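Reading through the structure tokens given below for one structure.
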Amino acid sequence: MLQAAEEYPEVAFALLNGGTDTPEKATNGNVTSLLPDSQQVGWIAGALAGLMTETGTIAFIGGMELDTTQGKYAGYAEAAAYVGEQEGKTVTTLDIVYSNSFSAADKGIEFAKAMMDEGADVFFGDASAVDSGARQAIDEANAASGSVKVYDIAQPSDLLGQNECIICSQVTDNASLVGLCMEAVQNDSFGGEVIYGTMQNGVLSAGAISDLVPAEKQEKYQSYLDQMMDGTFMQ
């Protein structure tokens, strides 16, 4: 990307999920990185985790040790702790574990089993197929217990109902993110920056909520999402 941007200075380049430092490396200042706001991604999942956990212990699985993954984990942990406190309980997030892969489903199974043994009853992750392995392990544990007691909050590509344990998902609208990029091009302000997708600019949102989430908790969750939208969450 950087080599092509240097060879074609008149072309505006956008890198979806690019590095935060990529634009400054572009010689001609014609590269922009497009990134979902990782803290808000974590908040969307963490608020629901804080509402749904019964054990007070939740978990997060990472693929690679990326800044964006660490941002999602931090947002997830802080939102869950805050919502738990509002609900009169203490919520602790287990230390993040990394598979160093996005395709090792067996690692997801291994991690989820170990974290459930530590009491985790709500999961979130940033590890693609590794997350799928974790959901498989969660579904198997729930089937063995006879009811769904351990939950997963999925990433954007995971459709609700794919696994019984999924109670909601965080959604990233990449088309809207590219749209923000095109607006910058049209305004002649494109290049040399990071454009973040947020709830406020329509890139981030929560997906459909499973019936496993009681109606009163769905209402509370929506109120927390509204706070995230208007900037009052955790204020």
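Ligands are numbered from 1 in the order shown, chains are lettered A, B, ... in the order of the structure tokens, and residues start at 1 in each chain.
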**OP:** Determine, counting only C-alpha atoms, which protein, DNA and RNA residues have an atom within 9 Å of an atom of Leu212 (chain A); residues of the same chain fewer than 3 positions away are not included. Present the result as a PyMOL selection string.
**Re:** chain A and resi 148+165-167+209
Original post:
If you count only C-alpha atoms, which residues fall within 9 Å of Ala74 (chain A), apart from same-chain ones fewer than 3 positions away, as JSON, numbers by chain?
Top reply: {"A": [38, 39, 42, 43, 69, 70, 71, 77, 78, 79]}
Writing out the chosen residues with N, CA and C atoms as a CSV table (one decimal), in the first residue's frame:
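Written file, out-v4.csv:
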```
chain,number,residue,atom,x,y,z
A,38,SER,N,-12.3,1.3,18.7
A,38,SER,CA,-12.2,0.1,19.5
A,38,SER,C,-12.8,0.2,20.9
A,39,GLN,N,-12.7,1.3,21.5
A,39,GLN,CA,-13.3,1.5,22.8
A,39,GLN,C,-14.8,1.3,22.8
A,42,GLY,N,-15.8,-2.3,22.4
A,42,GLY,CA,-15.8,-2.9,23.7
A,42,GLY,C,-17.0,-2.5,24.6
A,43,TRP,N,-17.3,-1.3,24.6
A,43,TRP,CA,-18.5,-0.8,25.4
A,43,TRP,C,-19.7,-1.5,25.0
A,69,THR,N,-7.2,-4.7,19.3
A,69,THR,CA,-7.7,-5.7,20.2
A,69,THR,C,-7.6,-5.3,21.6
A,70,GLN,N,-6.5,-4.7,22.0
A,70,GLN,CA,-6.3,-4.3,23.4
A,70,GLN,C,-7.3,-3.2,23.7
A,71,GLY,N,-7.7,-2.3,22.7
A,71,GLY,CA,-8.7,-1.3,23.0
A,71,GLY,C,-10.0,-1.9,23.2
A,77,ALA,N,-14.0,-4.4,29.4
A,77,ALA,CA,-13.8,-4.6,30.8
A,77,ALA,C,-14.3,-3.4,31.6
A,78,GLU,N,-14.1,-2.2,31.1
A,78,GLU,CA,-14.5,-1.0,31.9
A,78,GLU,C,-16.0,-0.8,31.8
A,79,ALA,N,-16.6,-1.1,30.7
A,79,ALA,CA,-18.1,-1.0,30.6
A,79,ALA,C,-18.8,-2.0,31.4
```
Determine which residues of region 111-180 of chain A receive a DSSP assignment of strand (DSSP E or B), computed from the backbone, and state them as a PDB file with N, CA and C atoms, in the first residue's frame.
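Okay, this is what ended up in part_19.pdb:
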```
ATOM      1  N   VAL A 122     -19.861 -15.013  30.483  1.00  0.00           N
ATOM      2  CA  VAL A 122     -20.107 -14.195  29.290  1.00  0.00           C
ATOM      3  C   VAL A 122     -18.772 -14.007  28.576  1.00  0.00           C
ATOM      4  N   PHE A 123     -18.780 -14.214  27.253  1.00  0.00           N
ATOM      5  CA  PHE A 123     -17.567 -14.122  26.444  1.00  0.00           C
ATOM      6  C   PHE A 123     -17.721 -13.074  25.346  1.00  0.00           C
ATOM      7  N   PHE A 124     -16.603 -12.472  24.990  1.00  0.00           N
ATOM      8  CA  PHE A 124     -16.493 -11.618  23.806  1.00  0.00           C
ATOM      9  C   PHE A 124     -15.101 -11.875  23.239  1.00  0.00           C
ATOM     10  N   GLY A 125     -14.881 -11.543  21.963  1.00  0.00           N
ATOM     11  CA  GLY A 125     -13.574 -11.815  21.400  1.00  0.00           C
ATOM     12  C   GLY A 125     -13.281 -11.044  20.144  1.00  0.00           C
ATOM     13  N   ASP A 126     -12.053 -11.157  19.704  1.00  0.00           N
ATOM     14  CA  ASP A 126     -11.573 -10.477  18.505  1.00  0.00           C
ATOM     15  C   ASP A 126     -10.637 -11.429  17.771  1.00  0.00           C
ATOM     16  N   TYR A 151     -22.872 -17.298  27.949  1.00  0.00           N
ATOM     17  CA  TYR A 151     -23.278 -16.535  26.785  1.00  0.00           C
ATOM     18  C   TYR A 151     -22.073 -16.002  26.011  1.00  0.00           C
ATOM     19  N   ASP A 152     -22.325 -15.675  24.737  1.00  0.00           N
ATOM     20  CA  ASP A 152     -21.301 -15.072  23.899  1.00  0.00           C
ATOM     21  C   ASP A 152     -21.887 -13.853  23.195  1.00  0.00           C
ATOM     22  N   ILE A 153     -21.094 -12.799  23.145  1.00  0.00           N
ATOM     23  CA  ILE A 153     -21.459 -11.602  22.381  1.00  0.00           C
ATOM     24  C   ILE A 153     -20.551 -11.593  21.162  1.00  0.00           C
ATOM     25  N   ALA A 154     -21.141 -11.673  19.987  1.00  0.00           N
ATOM     26  CA  ALA A 154     -20.369 -11.977  18.790  1.00  0.00           C
ATOM     27  C   ALA A 154     -19.830 -10.734  18.103  1.00  0.00           C
ATOM     28  N   ILE A 166     -25.163 -17.246  21.523  1.00  0.00           N
ATOM     29  CA  ILE A 166     -25.009 -15.838  21.136  1.00  0.00           C
ATOM     30  C   ILE A 166     -26.230 -15.040  21.570  1.00  0.00           C
ATOM     31  N   ILE A 167     -25.984 -13.991  22.356  1.00  0.00           N
ATOM     32  CA  ILE A 167     -27.093 -13.170  22.847  1.00  0.00           C
ATOM     33  C   ILE A 167     -27.189 -11.831  22.136  1.00  0.00           C
ATOM     34  N   CYS A 168     -26.135 -11.426  21.466  1.00  0.00           N
ATOM     35  CA  CYS A 168     -26.143 -10.168  20.720  1.00  0.00           C
ATOM     36  C   CYS A 168     -24.844 -10.113  19.927  1.00  0.00           C
ATOM     37  N   SER A 169     -24.683  -9.108  19.108  1.00  0.00           N
ATOM     38  CA  SER A 169     -23.430  -8.910  18.400  1.00  0.00           C
ATOM     39  C   SER A 169     -23.139  -7.423  18.289  1.00  0.00           C
ATOM     40  N   GLN A 170     -21.880  -7.131  18.143  1.00  0.00           N
ATOM     41  CA  GLN A 170     -21.460  -5.766  17.830  1.00  0.00           C
ATOM     42  C   GLN A 170     -21.370  -5.678  16.319  1.00  0.00           C
ATOM     43  N   VAL A 171     -21.935  -4.635  15.733  1.00  0.00           N
ATOM     44  CA  VAL A 171     -22.007  -4.512  14.278  1.00  0.00           C
ATOM     45  C   VAL A 171     -21.172  -3.330  13.803  1.00  0.00           C
ATOM     46  N   THR A 172     -20.338  -3.580  12.795  1.00  0.00           N
ATOM     47  CA  THR A 172     -19.576  -2.516  12.140  1.00  0.00           C
ATOM     48  C   THR A 172     -20.057  -2.396  10.706  1.00  0.00           C
TER      49      THR A 172
END
```
Can you pull out every residue within 10 Å of region 90-105 of chain A, counting only C-alpha atoms, but drop anything in the same chain fewer than 2 positions away, and send it as a short mmCIF file (atom, residue, chain, number, x, y, z; two decimals) with C-alpha atoms, in the first residue's frame?
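Result file is result-v5.cif:
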```cif
data_model
loop_
_atom_site.label_atom_id
_atom_site.label_comp_id
_atom_site.auth_asym_id
_atom_site.auth_seq_id
_atom_site.Cartn_x
_atom_site.Cartn_y
_atom_site.Cartn_z
CA GLY A 46 -19.25 -4.93 27.87
CA ALA A 49 -21.95 -8.59 29.66
CA GLY A 50 -22.26 -6.55 32.85
CA LEU A 51 -26.02 -6.99 32.78
CA THR A 53 -23.26 -12.18 34.10
CA GLU A 54 -24.46 -14.14 37.10
CA THR A 55 -21.03 -15.27 38.28
CA GLY A 56 -19.50 -11.80 38.11
CA THR A 57 -16.71 -13.15 35.88
CA ILE A 58 -16.50 -12.51 32.14
CA ALA A 59 -13.91 -13.34 29.47
CA PHE A 60 -12.29 -12.03 26.29
CA ILE A 61 -10.31 -13.98 23.67
CA GLY A 62 -7.89 -12.23 21.31
CA GLY A 63 -6.32 -13.40 18.08
CA MET A 64 -3.19 -11.28 17.76
CA GLU A 65 -1.83 -8.76 20.25
CA THR A 69 -7.74 -5.74 20.18
CA GLN A 70 -6.33 -4.28 23.38
CA TYR A 73 -10.66 -5.52 25.68
CA ALA A 74 -10.18 -2.37 27.74
CA TYR A 76 -15.25 -4.32 27.35
CA ALA A 77 -13.79 -4.60 30.83
CA GLU A 78 -14.51 -1.02 31.89
CA ALA A 79 -18.08 -1.00 30.56
CA ALA A 80 -18.90 -4.32 32.23
CA ALA A 81 -17.46 -3.15 35.55
CA TYR A 82 -19.41 0.11 35.36
CA VAL A 83 -22.73 -1.51 34.45
CA GLY A 84 -22.21 -4.17 37.11
CA GLU A 85 -21.70 -1.46 39.70
CA GLN A 86 -24.91 0.26 38.58
CA GLU A 87 -26.66 -3.09 39.01
CA GLY A 88 -25.23 -3.64 42.48
CA LYS A 107 -7.44 -22.80 20.60
CA GLY A 108 -10.83 -21.19 21.08
CA ILE A 109 -12.22 -24.46 22.43
CA GLU A 110 -9.26 -24.80 24.78
CA PHE A 111 -9.44 -21.22 26.01
CA MET A 115 -12.13 -19.74 31.29
CA GLU A 118 -12.59 -20.05 36.19
CA GLY A 119 -16.26 -19.07 36.35
CA ALA A 120 -16.65 -16.99 33.18
CA VAL A 122 -20.11 -14.20 29.29
CA PHE A 123 -17.57 -14.12 26.44
CA GLY A 125 -13.57 -11.82 21.40
CA ASP A 126 -11.57 -10.48 18.50
CA ALA A 127 -10.24 -13.68 16.98
CA SER A 128 -12.45 -14.82 14.06
CA ALA A 129 -12.40 -18.64 13.80
CA VAL A 130 -10.90 -18.85 17.29
CA ASP A 131 -14.10 -17.23 18.57
CA SER A 132 -16.10 -19.82 16.64
CA GLY A 133 -14.24 -22.55 18.51
CA ALA A 134 -15.01 -20.85 21.79
CA ARG A 135 -18.71 -20.72 20.92
CA GLN A 136 -18.65 -24.41 20.10
#
```
**OP:** Show which residues sit within 12 Å of Leu204 (chain A), as number ranges by chain. Count only C-alpha atoms, and ignore same-chain residues fewer than 2 positions away.
**Re:** A: 35-45, 155-156, 169-177, 196-202, 206-207, 225, 228-229
Write the residues of the selection above to a file with N, CA and C atoms, as a compact mmCIF listing (two decimals), in the first residue's frame.
```txt
# COMPACT_ATOMS: atom_id res chain seq x y z
N LEU A 35 -10.86 2.93 10.67
CA LEU A 35 -10.89 2.05 11.83
C LEU A 35 -12.17 2.23 12.65
N PRO A 36 -12.81 1.14 13.07
CA PRO A 36 -13.87 1.26 14.08
C PRO A 36 -13.26 1.75 15.40
N ASP A 37 -13.99 2.52 16.14
CA ASP A 37 -13.52 2.97 17.46
C ASP A 37 -13.51 1.77 18.40
N SER A 38 -12.31 1.31 18.74
CA SER A 38 -12.19 0.06 19.49
C SER A 38 -12.79 0.16 20.89
N GLN A 39 -12.70 1.33 21.52
CA GLN A 39 -13.28 1.48 22.85
C GLN A 39 -14.80 1.30 22.80
N GLN A 40 -15.43 1.92 21.81
CA GLN A 40 -16.88 1.79 21.70
C GLN A 40 -17.29 0.37 21.34
N VAL A 41 -16.50 -0.31 20.52
CA VAL A 41 -16.77 -1.72 20.23
C VAL A 41 -16.82 -2.50 21.54
N GLY A 42 -15.83 -2.27 22.40
CA GLY A 42 -15.80 -2.93 23.71
C GLY A 42 -16.96 -2.54 24.59
N TRP A 43 -17.33 -1.26 24.57
CA TRP A 43 -18.46 -0.80 25.39
C TRP A 43 -19.75 -1.53 25.02
N ILE A 44 -20.01 -1.65 23.71
CA ILE A 44 -21.25 -2.27 23.24
C ILE A 44 -21.39 -3.68 23.81
N ALA A 45 -20.28 -4.43 23.79
CA ALA A 45 -20.32 -5.79 24.34
C ALA A 45 -20.27 -5.79 25.86
N GLN A 155 -18.94 -10.97 17.15
CA GLN A 155 -18.40 -9.92 16.30
C GLN A 155 -19.32 -9.72 15.09
N PRO A 156 -19.07 -8.70 14.28
CA PRO A 156 -20.02 -8.32 13.23
C PRO A 156 -20.43 -9.41 12.26
N SER A 169 -24.68 -9.11 19.11
CA SER A 169 -23.43 -8.91 18.40
C SER A 169 -23.14 -7.42 18.29
N GLN A 170 -21.88 -7.13 18.14
CA GLN A 170 -21.46 -5.77 17.83
C GLN A 170 -21.37 -5.68 16.32
N VAL A 171 -21.93 -4.63 15.73
CA VAL A 171 -22.01 -4.51 14.28
C VAL A 171 -21.17 -3.33 13.80
N THR A 172 -20.34 -3.58 12.80
CA THR A 172 -19.58 -2.52 12.14
C THR A 172 -20.06 -2.40 10.71
N ASP A 173 -20.51 -1.22 10.34
CA ASP A 173 -20.99 -0.96 8.98
C ASP A 173 -19.82 -0.39 8.17
N ASN A 174 -19.09 -1.28 7.50
CA ASN A 174 -17.92 -0.83 6.74
C ASN A 174 -18.30 0.08 5.58
N ALA A 175 -19.50 -0.09 5.03
CA ALA A 175 -19.94 0.77 3.94
C ALA A 175 -20.03 2.22 4.42
N SER A 176 -20.53 2.41 5.64
CA SER A 176 -20.60 3.76 6.20
C SER A 176 -19.22 4.32 6.46
N LEU A 177 -18.30 3.45 6.87
CA LEU A 177 -16.92 3.88 7.12
C LEU A 177 -16.27 4.34 5.82
N TYR A 196 -12.18 7.37 12.25
CA TYR A 196 -12.74 6.39 13.18
C TYR A 196 -14.24 6.26 12.98
N GLY A 197 -14.72 5.02 12.94
CA GLY A 197 -16.14 4.76 12.90
C GLY A 197 -16.69 4.66 14.31
N THR A 198 -17.75 5.38 14.59
CA THR A 198 -18.33 5.43 15.93
C THR A 198 -19.83 5.18 15.88
N MET A 199 -20.43 5.10 17.05
CA MET A 199 -21.88 5.02 17.12
C MET A 199 -22.49 6.33 16.61
N GLN A 200 -21.81 7.43 16.89
CA GLN A 200 -22.34 8.74 16.53
C GLN A 200 -22.39 8.96 15.03
N ASN A 201 -21.42 8.42 14.28
CA ASN A 201 -21.44 8.63 12.84
C ASN A 201 -22.03 7.45 12.08
N GLY A 202 -22.67 6.53 12.80
CA GLY A 202 -23.45 5.47 12.18
C GLY A 202 -22.70 4.22 11.78
N ALA A 206 -25.25 -2.03 18.02
CA ALA A 206 -25.48 -3.36 18.58
C ALA A 206 -26.44 -4.10 17.66
N GLY A 207 -26.23 -5.40 17.52
CA GLY A 207 -27.11 -6.21 16.70
C GLY A 207 -28.38 -6.61 17.43
N LEU A 225 -26.94 1.96 25.77
CA LEU A 225 -26.57 2.29 24.40
C LEU A 225 -26.92 3.75 24.08
N MET A 228 -24.28 5.90 25.47
CA MET A 228 -23.08 5.89 24.62
C MET A 228 -23.27 6.84 23.44
N MET A 229 -24.47 6.87 22.89
CA MET A 229 -24.75 7.73 21.76
C MET A 229 -24.66 9.20 22.12
```
**OP:** Could you give me, as an NGL selection string, each residue of region 5-189 of chain A that DSSP assigns to alpha helix (DSSP H) when run on this structure's backbone?
**Re:** :A and (5-7 or 22-25 or 38-52 or 67-86 or 105-117 or 129-145 or 174-186)
